[in-house]
file structure-v9.txt (compact mmCIF, C-alpha atoms)
# COMPACT_ATOMS: atom_id res chain seq x y z
CA MET G 1109 -13.65 -31.69 -15.69
CA GLY G 1110 -16.94 -32.70 -17.29
CA VAL G 1111 -18.32 -34.61 -20.27
CA ARG G 1112 -15.89 -34.86 -23.17
CA ILE G 1113 -16.74 -34.86 -26.88
CA VAL G 1114 -14.87 -36.91 -29.50
CA VAL G 1115 -15.16 -36.84 -33.30
CA ASP G 1116 -13.09 -38.36 -36.08
CA SER G 1117 -11.42 -36.05 -38.57
CA SER G 1118 -14.07 -36.64 -41.26
CA ALA G 1119 -16.27 -34.15 -39.41
CA GLY G 1120 -13.96 -31.43 -40.73
CA LEU G 1121 -14.15 -29.27 -37.63
CA PRO G 1122 -12.00 -26.16 -38.13
CA ASP G 1123 -9.04 -26.23 -35.74
CA ASP G 1124 -10.03 -22.99 -34.03
CA ILE G 1125 -13.51 -24.29 -33.21
CA ALA G 1126 -12.16 -27.62 -31.94
CA ARG G 1127 -9.74 -25.76 -29.68
CA GLN G 1128 -12.32 -23.25 -28.49
CA LEU G 1129 -14.80 -25.97 -27.50
CA ASP G 1130 -12.10 -28.46 -26.43
CA ILE G 1131 -13.35 -31.19 -28.78
CA ALA G 1132 -11.01 -34.16 -29.30
CA VAL G 1133 -10.43 -35.03 -32.97
CA ALA G 1134 -9.20 -38.54 -33.85
CA PRO G 1135 -7.54 -38.51 -37.31
CA LEU G 1136 -8.57 -41.08 -39.91
CA HIS G 1137 -5.81 -42.75 -41.90
CA VAL G 1138 -4.78 -42.02 -45.49
CA MET G 1139 -2.52 -44.66 -47.04
CA GLU G 1140 -0.20 -42.80 -49.39
CA ASP G 1141 1.34 -46.07 -50.63
CA ASP G 1142 -2.04 -47.48 -51.69
CA GLY G 1143 -3.20 -44.93 -54.22
CA GLY G 1144 -4.51 -42.61 -51.55
CA SER G 1145 -7.04 -44.99 -50.00
CA THR G 1146 -8.27 -44.55 -46.44
CA SER G 1147 -8.72 -46.66 -43.36
CA GLY G 1148 -11.10 -46.24 -40.46
CA LEU G 1149 -9.91 -46.03 -36.90
CA SER G 1150 -9.48 -49.31 -35.02
CA ALA G 1151 -11.17 -50.23 -31.74
CA ILE G 1152 -7.77 -50.13 -30.01
CA GLU G 1153 -7.05 -46.62 -31.28
CA LEU G 1154 -10.47 -45.36 -30.25
CA ALA G 1155 -10.31 -47.02 -26.85
CA ALA G 1156 -7.09 -45.12 -26.21
CA VAL G 1157 -8.73 -41.84 -27.28
CA TYR G 1158 -11.78 -42.44 -25.09
CA ALA G 1159 -9.62 -43.41 -22.10
CA ARG G 1160 -7.63 -40.18 -22.35
CA GLN G 1161 -10.78 -38.10 -22.56
CA LEU G 1162 -12.40 -39.88 -19.62
CA GLU G 1163 -9.30 -39.15 -17.58
CA ARG G 1164 -9.43 -35.49 -18.58
CA GLY G 1165 -13.11 -35.26 -17.73
CA GLY G 1166 -12.95 -37.02 -14.40
CA ASP G 1167 -14.97 -39.96 -15.76
CA ALA G 1168 -18.01 -37.74 -16.39
CA GLY G 1169 -18.44 -39.50 -19.72
CA VAL G 1170 -17.68 -39.23 -23.44
CA VAL G 1171 -20.01 -38.53 -26.35
CA ALA G 1172 -18.47 -40.07 -29.49
CA LEU G 1173 -19.62 -38.86 -32.90
CA HIS G 1174 -18.29 -40.59 -36.00
CA LEU G 1175 -18.88 -40.88 -39.73
CA SER G 1176 -21.98 -42.90 -40.69
CA LYS G 1177 -21.59 -46.65 -40.27
CA ASN G 1178 -22.57 -47.04 -43.94
CA LEU G 1179 -19.58 -44.97 -45.02
CA SER G 1180 -16.83 -46.18 -42.69
CA SER G 1181 -15.86 -49.01 -40.35
CA THR G 1182 -15.03 -46.46 -37.65
CA TRP G 1183 -18.51 -46.54 -36.08
CA SER G 1184 -18.45 -50.30 -35.48
CA ALA G 1185 -14.93 -49.99 -34.06
CA ALA G 1186 -16.20 -47.23 -31.77
CA VAL G 1187 -19.01 -49.43 -30.48
CA SER G 1188 -16.52 -52.20 -29.73
CA ALA G 1189 -14.18 -49.75 -28.00
CA SER G 1190 -16.96 -48.25 -25.88
CA ALA G 1191 -17.91 -51.66 -24.48
CA VAL G 1192 -14.95 -51.64 -22.10
CA PHE G 1193 -15.94 -48.40 -20.38
CA ASP G 1194 -19.05 -49.43 -18.42
CA ASN G 1195 -21.56 -47.11 -20.15
CA THR G 1196 -19.44 -43.98 -19.73
CA VAL G 1197 -18.78 -43.71 -23.49
CA ARG G 1198 -21.90 -42.96 -25.57
CA VAL G 1199 -21.38 -43.71 -29.28
CA LEU G 1200 -24.12 -42.08 -31.35
CA ASP G 1201 -25.24 -43.42 -34.71
CA THR G 1202 -24.93 -40.17 -36.65
CA ASP G 1203 -26.21 -41.49 -40.01
CA THR G 1204 -24.43 -38.59 -41.69
CA ALA G 1205 -21.05 -37.05 -42.51
CA GLY G 1206 -19.05 -33.84 -42.57
CA MET G 1207 -19.95 -30.79 -40.57
CA ALA G 1208 -23.38 -32.17 -39.67
CA VAL G 1209 -21.35 -34.37 -37.32
CA GLY G 1210 -19.16 -31.42 -36.43
CA ALA G 1211 -22.18 -29.28 -35.58
CA ALA G 1212 -23.56 -31.98 -33.30
CA ALA G 1213 -20.19 -32.09 -31.54
CA MET G 1214 -20.23 -28.30 -31.18
CA ALA G 1215 -23.69 -28.38 -29.61
CA ALA G 1216 -22.73 -31.15 -27.19
CA ALA G 1217 -19.43 -29.49 -26.26
CA SER G 1218 -21.12 -26.15 -25.61
CA LEU G 1219 -23.57 -27.83 -23.24
CA ALA G 1220 -20.79 -29.80 -21.57
CA ARG G 1221 -18.98 -26.55 -20.79
CA GLU G 1222 -22.08 -25.46 -18.89
CA GLY G 1223 -21.86 -28.56 -16.69
CA ALA G 1224 -24.49 -30.75 -18.37
CA ASP G 1225 -24.36 -34.50 -17.77
CA LEU G 1226 -23.77 -37.28 -20.30
CA ASP G 1227 -27.45 -37.84 -21.09
CA ALA G 1228 -28.06 -34.15 -21.79
CA CYS G 1229 -24.97 -33.80 -23.99
CA ALA G 1230 -25.90 -36.89 -26.01
CA ALA G 1231 -29.47 -35.67 -26.38
CA VAL G 1232 -28.51 -32.25 -27.77
CA ALA G 1233 -26.12 -33.93 -30.22
CA GLU G 1234 -28.94 -36.17 -31.43
CA GLU G 1235 -31.28 -33.19 -31.76
CA THR G 1236 -28.70 -31.33 -33.84
CA LEU G 1237 -28.18 -34.33 -36.10
CA ALA G 1238 -31.95 -34.64 -36.59
CA SER G 1239 -32.17 -31.01 -37.70
CA SER G 1240 -29.25 -31.24 -40.15
CA GLU G 1241 -28.87 -31.99 -43.85
CA THR G 1242 -25.74 -32.64 -45.90
CA TRP G 1243 -25.19 -32.44 -49.65
CA LEU G 1244 -22.10 -33.10 -51.76
CA TYR G 1245 -21.34 -31.53 -55.16
CA LEU G 1246 -18.82 -33.47 -57.22
CA SER G 1247 -16.80 -32.74 -60.33
CA GLN G 1248 -16.32 -36.49 -60.86
CA LEU G 1249 -17.50 -39.77 -59.35
CA ASP G 1250 -14.45 -42.00 -59.83
CA GLY G 1251 -13.28 -41.93 -56.21
CA LEU G 1252 -16.66 -42.69 -54.70
CA ARG G 1253 -17.40 -45.42 -57.23
CA LYS G 1254 -14.11 -47.16 -56.48
CA SER G 1255 -14.67 -46.90 -52.74
CA GLY G 1256 -18.13 -48.49 -52.94
CA ARG G 1257 -19.68 -45.59 -51.05
CA LEU G 1258 -22.40 -44.85 -53.60
CA SER G 1259 -25.79 -46.46 -53.01
CA THR G 1260 -26.86 -49.10 -55.54
CA GLY G 1261 -29.25 -46.77 -57.34
CA THR G 1262 -26.70 -44.01 -57.66
CA ALA G 1263 -24.01 -46.42 -58.80
CA VAL G 1264 -26.25 -47.65 -61.61
CA LEU G 1265 -26.72 -44.07 -62.75
CA SER G 1266 -23.09 -43.07 -62.39
CA ALA G 1267 -22.06 -43.96 -65.93
CA ALA G 1268 -24.76 -41.67 -67.27
CA LEU G 1269 -23.64 -38.90 -64.93
CA LEU G 1270 -20.07 -38.68 -66.14
CA ALA G 1271 -20.84 -35.63 -68.27
CA THR G 1272 -22.73 -33.87 -65.49
CA LYS G 1273 -22.01 -32.32 -62.09
CA PRO G 1274 -23.98 -34.48 -59.63
CA ILE G 1275 -25.33 -33.33 -56.27
CA LEU G 1276 -25.54 -36.13 -53.72
CA HIS G 1277 -27.60 -36.10 -50.53
CA VAL G 1278 -26.61 -37.99 -47.39
CA ARG G 1279 -29.81 -39.80 -46.46
CA GLY G 1280 -29.97 -42.55 -43.87
CA GLY G 1281 -26.20 -42.59 -43.78
CA LYS G 1282 -25.89 -43.30 -47.51
CA LEU G 1283 -25.16 -41.17 -50.57
CA GLU G 1284 -28.11 -40.73 -52.90
CA LEU G 1285 -28.57 -38.65 -56.03
CA ALA G 1286 -30.28 -35.31 -55.27
CA GLY G 1287 -29.80 -33.65 -58.66
CA LYS G 1288 -27.52 -33.30 -61.65
CA THR G 1289 -26.35 -30.17 -63.43
CA ARG G 1290 -23.92 -29.40 -66.21
CA THR G 1291 -22.20 -26.39 -64.67
CA GLN G 1292 -20.95 -25.38 -61.25
CA THR G 1293 -23.10 -22.25 -61.33
CA LYS G 1294 -26.26 -24.30 -61.82
CA ALA G 1295 -25.15 -26.71 -59.11
CA PHE G 1296 -24.74 -23.87 -56.62
CA ILE G 1297 -28.15 -22.46 -57.53
CA LYS G 1298 -29.65 -25.89 -56.87
CA LEU G 1299 -27.86 -26.22 -53.52
CA THR G 1300 -29.04 -22.76 -52.48
CA GLU G 1301 -32.61 -23.67 -53.39
CA LEU G 1302 -32.40 -26.90 -51.38
CA VAL G 1303 -31.22 -25.01 -48.28
CA GLN G 1304 -33.81 -22.23 -48.68
CA GLU G 1305 -36.63 -24.74 -49.07
CA ARG G 1306 -35.61 -26.68 -45.97
CA ALA G 1307 -35.07 -23.47 -43.96
CA ALA G 1308 -38.65 -22.26 -44.53
CA GLY G 1309 -37.72 -18.70 -43.61
CA GLU G 1310 -35.83 -19.55 -40.40
CA PRO G 1311 -32.11 -18.84 -39.74
CA VAL G 1312 -29.62 -21.49 -40.80
CA PHE G 1313 -26.10 -22.51 -39.81
CA ALA G 1314 -24.28 -23.62 -42.98
CA ALA G 1315 -20.80 -25.11 -43.24
CA ILE G 1316 -19.18 -25.37 -46.67
CA GLN G 1317 -16.21 -27.72 -47.06
CA HIS G 1318 -14.11 -27.94 -50.21
CA ALA G 1319 -11.38 -30.01 -51.85
CA ASP G 1320 -8.92 -27.54 -53.38
CA ALA G 1321 -11.81 -25.28 -54.38
CA GLU G 1322 -11.60 -22.34 -51.99
CA ASN G 1323 -12.79 -19.75 -54.50
CA ALA G 1324 -15.80 -21.83 -55.48
CA ALA G 1325 -16.63 -22.52 -51.83
CA GLN G 1326 -16.44 -18.81 -51.03
CA SER G 1327 -18.69 -18.05 -53.99
CA LEU G 1328 -21.32 -20.45 -52.64
CA ALA G 1329 -20.92 -18.95 -49.18
CA ASP G 1330 -21.49 -15.44 -50.54
CA THR G 1331 -24.61 -16.61 -52.36
CA LEU G 1332 -26.01 -18.25 -49.23
CA LYS G 1333 -25.28 -15.20 -47.10
CA ALA G 1334 -27.14 -13.02 -49.59
CA VAL G 1335 -30.34 -15.08 -49.63
CA LEU G 1336 -30.65 -16.84 -46.28
CA PRO G 1337 -32.80 -15.30 -43.51
CA GLU G 1338 -31.30 -12.75 -41.14
CA GLY G 1339 -29.37 -14.37 -38.33
CA SER G 1340 -28.00 -17.18 -40.51
CA ARG G 1341 -24.31 -18.06 -40.24
CA VAL G 1342 -22.02 -19.49 -42.89
CA ILE G 1343 -18.48 -20.84 -42.50
CA VAL G 1344 -15.99 -22.22 -45.04
CA ALA G 1345 -13.34 -24.87 -44.36
CA PRO G 1346 -11.26 -27.39 -46.34
CA LEU G 1347 -12.31 -31.02 -46.66
CA VAL G 1348 -9.84 -33.18 -44.75
CA ASP G 1349 -7.56 -35.46 -46.78
CA ALA G 1350 -9.37 -38.62 -45.62
CA VAL G 1351 -12.54 -37.35 -47.33
CA ALA G 1352 -11.04 -35.45 -50.26
CA VAL G 1353 -9.23 -38.58 -51.46
CA HIS G 1354 -12.66 -40.07 -52.24
CA THR G 1355 -14.43 -36.98 -53.54
CA GLY G 1356 -11.64 -35.79 -55.83
CA PRO G 1357 -10.59 -32.19 -56.43
CA GLY G 1358 -13.26 -29.56 -56.83
CA ALA G 1359 -15.75 -31.25 -54.51
CA ILE G 1360 -17.95 -29.10 -52.29
CA GLY G 1361 -19.68 -30.39 -49.17
CA LEU G 1362 -22.56 -28.41 -47.70
CA SER G 1363 -23.95 -29.19 -44.25
CA ALA G 1364 -26.75 -27.11 -42.78
CA VAL G 1365 -28.36 -27.09 -39.35
CA PHE G 1366 -31.98 -25.95 -39.26
CA SER G 1367 -32.34 -25.31 -35.53
CA SER G 1368 -32.78 -21.77 -34.21
CA GLY G 1369 -31.23 -22.67 -30.87
CA PHE G 1370 -28.06 -23.94 -32.51
CA VAL G 1371 -27.82 -21.04 -34.96
CA GLU G 1372 -28.01 -18.46 -32.17
CA ASN G 1373 -24.93 -19.97 -30.48
CA ALA G 1374 -22.94 -21.00 -33.56
CA PRO G 1375 -19.64 -19.29 -34.40
CA ALA G 1376 -19.76 -16.58 -37.02
call {"tool": "encode", "arguments": {"input": "structure-v9.txt", "output": "structure tokens"}}
result
Amino acid sequence: MGVRIVVDSSAGLPDDIARQLDIAVAPLHVMEDDGGSTSGLSAIELAAVYARQLERGGDAGVVALHLSKNLSSTWSAAVSASAVFDNTVRVLDTDTAGMAVGAAAMAAASLAREGADLDACAAVAEETLASSETWLYLSQLDGLRKSGRLSTGTAVLSAALLATKPILHVRGGKLELAGKTRTQTKAFIKLTELVQERAAGEPVFAAIQHADAENAAQSLADTLKAVLPEGSRVIVAPLVDAVAVHTGPGAIGLSAVFSSGFVENAPA
């Protein structure tokens, strides 16, 4: 009984964390017959998910956290689905992607387990989102260019970036160029510097997601663990297929939460 938390699979929540915090994960669709393209969840599918969670929670409410509306149609479908539930389903506009969304779900679910109401769970999710940043390191841009998920400015630059390893920043729900390097090593140094600068000496929760690049992801994790302030926590997990199909192999996503309260309660 109590408030329930729902995410879509793009959040990349590790299965053990989702089970531990009893977070419902709605899988996005990958169309194998269409060159590996993806499809957002429909309003009907999400309404069914929300209804099941409301039943499980005794109608205490649902906090729904989905991929940025600028990156997927799922958010607008979620808003439509929530309209039939008389204000018991709260769909937040995350404006981000990856484990920044997952971290917000973790914070909300932890509070829900303590008996907090819908308003409180939604508020802590919003606070976590506000204290998060997400970057994406890519070996190639073809998938994102074809999907139309690059912002206009980045798309204009993409042809010139083909010989580099770009770092993109999720800002305002869109992908923008944060830097470009010619080697993975230099890219990881840049990502580490970005996290350190934003952390300003305070502990950080960092989640590294990868597309068939476990060794590289672990290397970045080891670097972050060595330089981040004491009390920081770093986890590594694969990018889900619905995201990896757009990023291509070798991609690394890095989401970080810069909130001491969240870090203290985050999983190791």
call {"tool": "closest_residue", "arguments": {"input": "structure-v9.txt", "among": "G:Ala1217, G:Met1139, G:Ala1359, G:Ile1152", "to": "Ala1126 of chain G", "atoms": "only C-alpha atoms"}}
result
G:Ala1217
call {"tool": "residues_around", "arguments": {"input": "structure-v9.txt", "residues": "Ser1184 of chain G", "least_positions_apart": "3", "cutoff": "10 Å", "atoms": "only C-alpha atoms", "output": "VMD selection string"}}
result
chain G and resid 1148 to 1151 1174 1176 to 1178 1180 to 1181 1187 to 1190 1199 1201
call {"tool": "residues_around", "arguments": {"input": "structure-v9.txt", "residues": "Leu1336 of chain G", "least_positions_apart": "2", "cutoff": "8 Å", "atoms": "only C-alpha atoms", "output": "list in words"}}
result
Gln1304, Gly1309, Pro1311, Val1312, Leu1332, Lys1333, Ala1334, Glu1338 and Ser1340 of chain G
call {"tool": "closest_residue", "arguments": {"input": "structure-v9.txt", "among": "G:Leu1136, G:Ala1324, G:Leu1200, G:Val1348", "to": "Cys1229 of chain G", "atoms": "only C-alpha atoms"}}
result
G:Leu1200
call {"tool": "closest_residue", "arguments": {"input": "structure-v9.txt", "among": "G:Leu1328, G:Val1192, G:Leu1173, G:Ala1168", "to": "Ala1132 of chain G", "atoms": "only C-alpha atoms"}}
result
G:Leu1173
call {"tool": "residues_around", "arguments": {"input": "structure-v9.txt", "residues": "Gly1120 of chain G", "least_positions_apart": "6", "cutoff": "8 Å", "atoms": "only C-alpha atoms", "output": "MDAnalysis selection string"}}
result
chainID G and resid 1206:1207 1210 1317 1345:1348
call {"tool": "atom_distance", "arguments": {"input": "structure-v9.txt", "atom1": "atom CA of Arg1160 of chain G", "atom2": "atom CA of Thr1204 of chain G"}}
result
25.7 Å
call {"tool": "closest_residue", "arguments": {"input": "structure-v9.txt", "among": "G:Ala1352, G:Leu1129, G:Ala1191, G:Val1209", "to": "Glu1222 of chain G", "atoms": "only C-alpha atoms"}}
result
G:Leu1129
call {"tool": "atom_distance", "arguments": {"input": "structure-v9.txt", "atom1": "atom CA of Arg1341 of chain G", "atom2": "atom CA of Phe1313 of chain G"}}
result
4.8 Å
call {"tool": "residues_near_point", "arguments": {"input": "structure-v9.txt", "point": "(-31.5, -42.0, -42.8)", "cutoff": "10 Å", "atoms": "all atoms listed in the file", "output": "list in words"}}
result
Ser1176, Thr1202, Asp1203, Thr1204, Ala1238, Val1278, Arg1279, Gly1280, Gly1281 and Lys1282 of chain G
call {"tool": "write_last_selection", "arguments": {"input": "structure-v9.txt", "atoms": "C-alpha atoms", "output": "PDB file, in the frame of the given file"}}
result
ATOM      1  CA  SER G1176     -21.980 -42.900 -40.690  1.00  0.00           C
ATOM      2  CA  THR G1202     -24.930 -40.170 -36.650  1.00  0.00           C
ATOM      3  CA  ASP G1203     -26.210 -41.490 -40.010  1.00  0.00           C
ATOM      4  CA  THR G1204     -24.430 -38.590 -41.690  1.00  0.00           C
ATOM      5  CA  ALA G1238     -31.950 -34.640 -36.590  1.00  0.00           C
ATOM      6  CA  VAL G1278     -26.610 -37.990 -47.390  1.00  0.00           C
ATOM      7  CA  ARG G1279     -29.810 -39.800 -46.460  1.00  0.00           C
ATOM      8  CA  GLY G1280     -29.970 -42.550 -43.870  1.00  0.00           C
ATOM      9  CA  GLY G1281     -26.200 -42.590 -43.780  1.00  0.00           C
ATOM     10  CA  LYS G1282     -25.890 -43.300 -47.510  1.00  0.00           C
TER      11      LYS G1282
END
call {"tool": "closest_residue", "arguments": {"input": "structure-v9.txt", "among": "G:Pro1337, G:Pro1135, G:Gly1110, G:Gly1287", "to": "Asp1225 of chain G", "atoms": "only C-alpha atoms"}}
result
G:Gly1110
call {"tool": "residues_around", "arguments": {"input": "structure-v9.txt", "residues": "Lys1273 of chain G", "least_positions_apart": "6", "cutoff": "6 Å", "atoms": "only C-alpha atoms", "output": "PyMOL selection string"}}
result
chain G and resi 1246-1247+1288-1290
call {"tool": "write_last_selection", "arguments": {"input": "structure-v9.txt", "atoms": "C-alpha atoms", "output": "PDB file, in the frame of the given file"}}
result
ATOM      1  CA  LEU G1246     -18.820 -33.470 -57.220  1.00  0.00           C
ATOM      2  CA  SER G1247     -16.800 -32.740 -60.330  1.00  0.00           C
ATOM      3  CA  LYS G1288     -27.520 -33.300 -61.650  1.00  0.00           C
ATOM      4  CA  THR G1289     -26.350 -30.170 -63.430  1.00  0.00           C
ATOM      5  CA  ARG G1290     -23.920 -29.400 -66.210  1.00  0.00           C
TER       6      ARG G1290
END
call {"tool": "residues_around", "arguments": {"input": "structure-v9.txt", "residues": "His1277 of chain G", "least_positions_apart": "5", "cutoff": "9 Å", "atoms": "all atoms listed in the file", "output": "ChimeraX atom specification"}}
result
/G:1241-1244,1282-1287
call {"tool": "closest_residue", "arguments": {"input": "structure-v9.txt", "among": "G:Val1344, G:Val1335, G:Ala1220, G:Ser1363", "to": "Leu1237 of chain G", "atoms": "all atoms listed in the file"}}
result
G:Ser1363
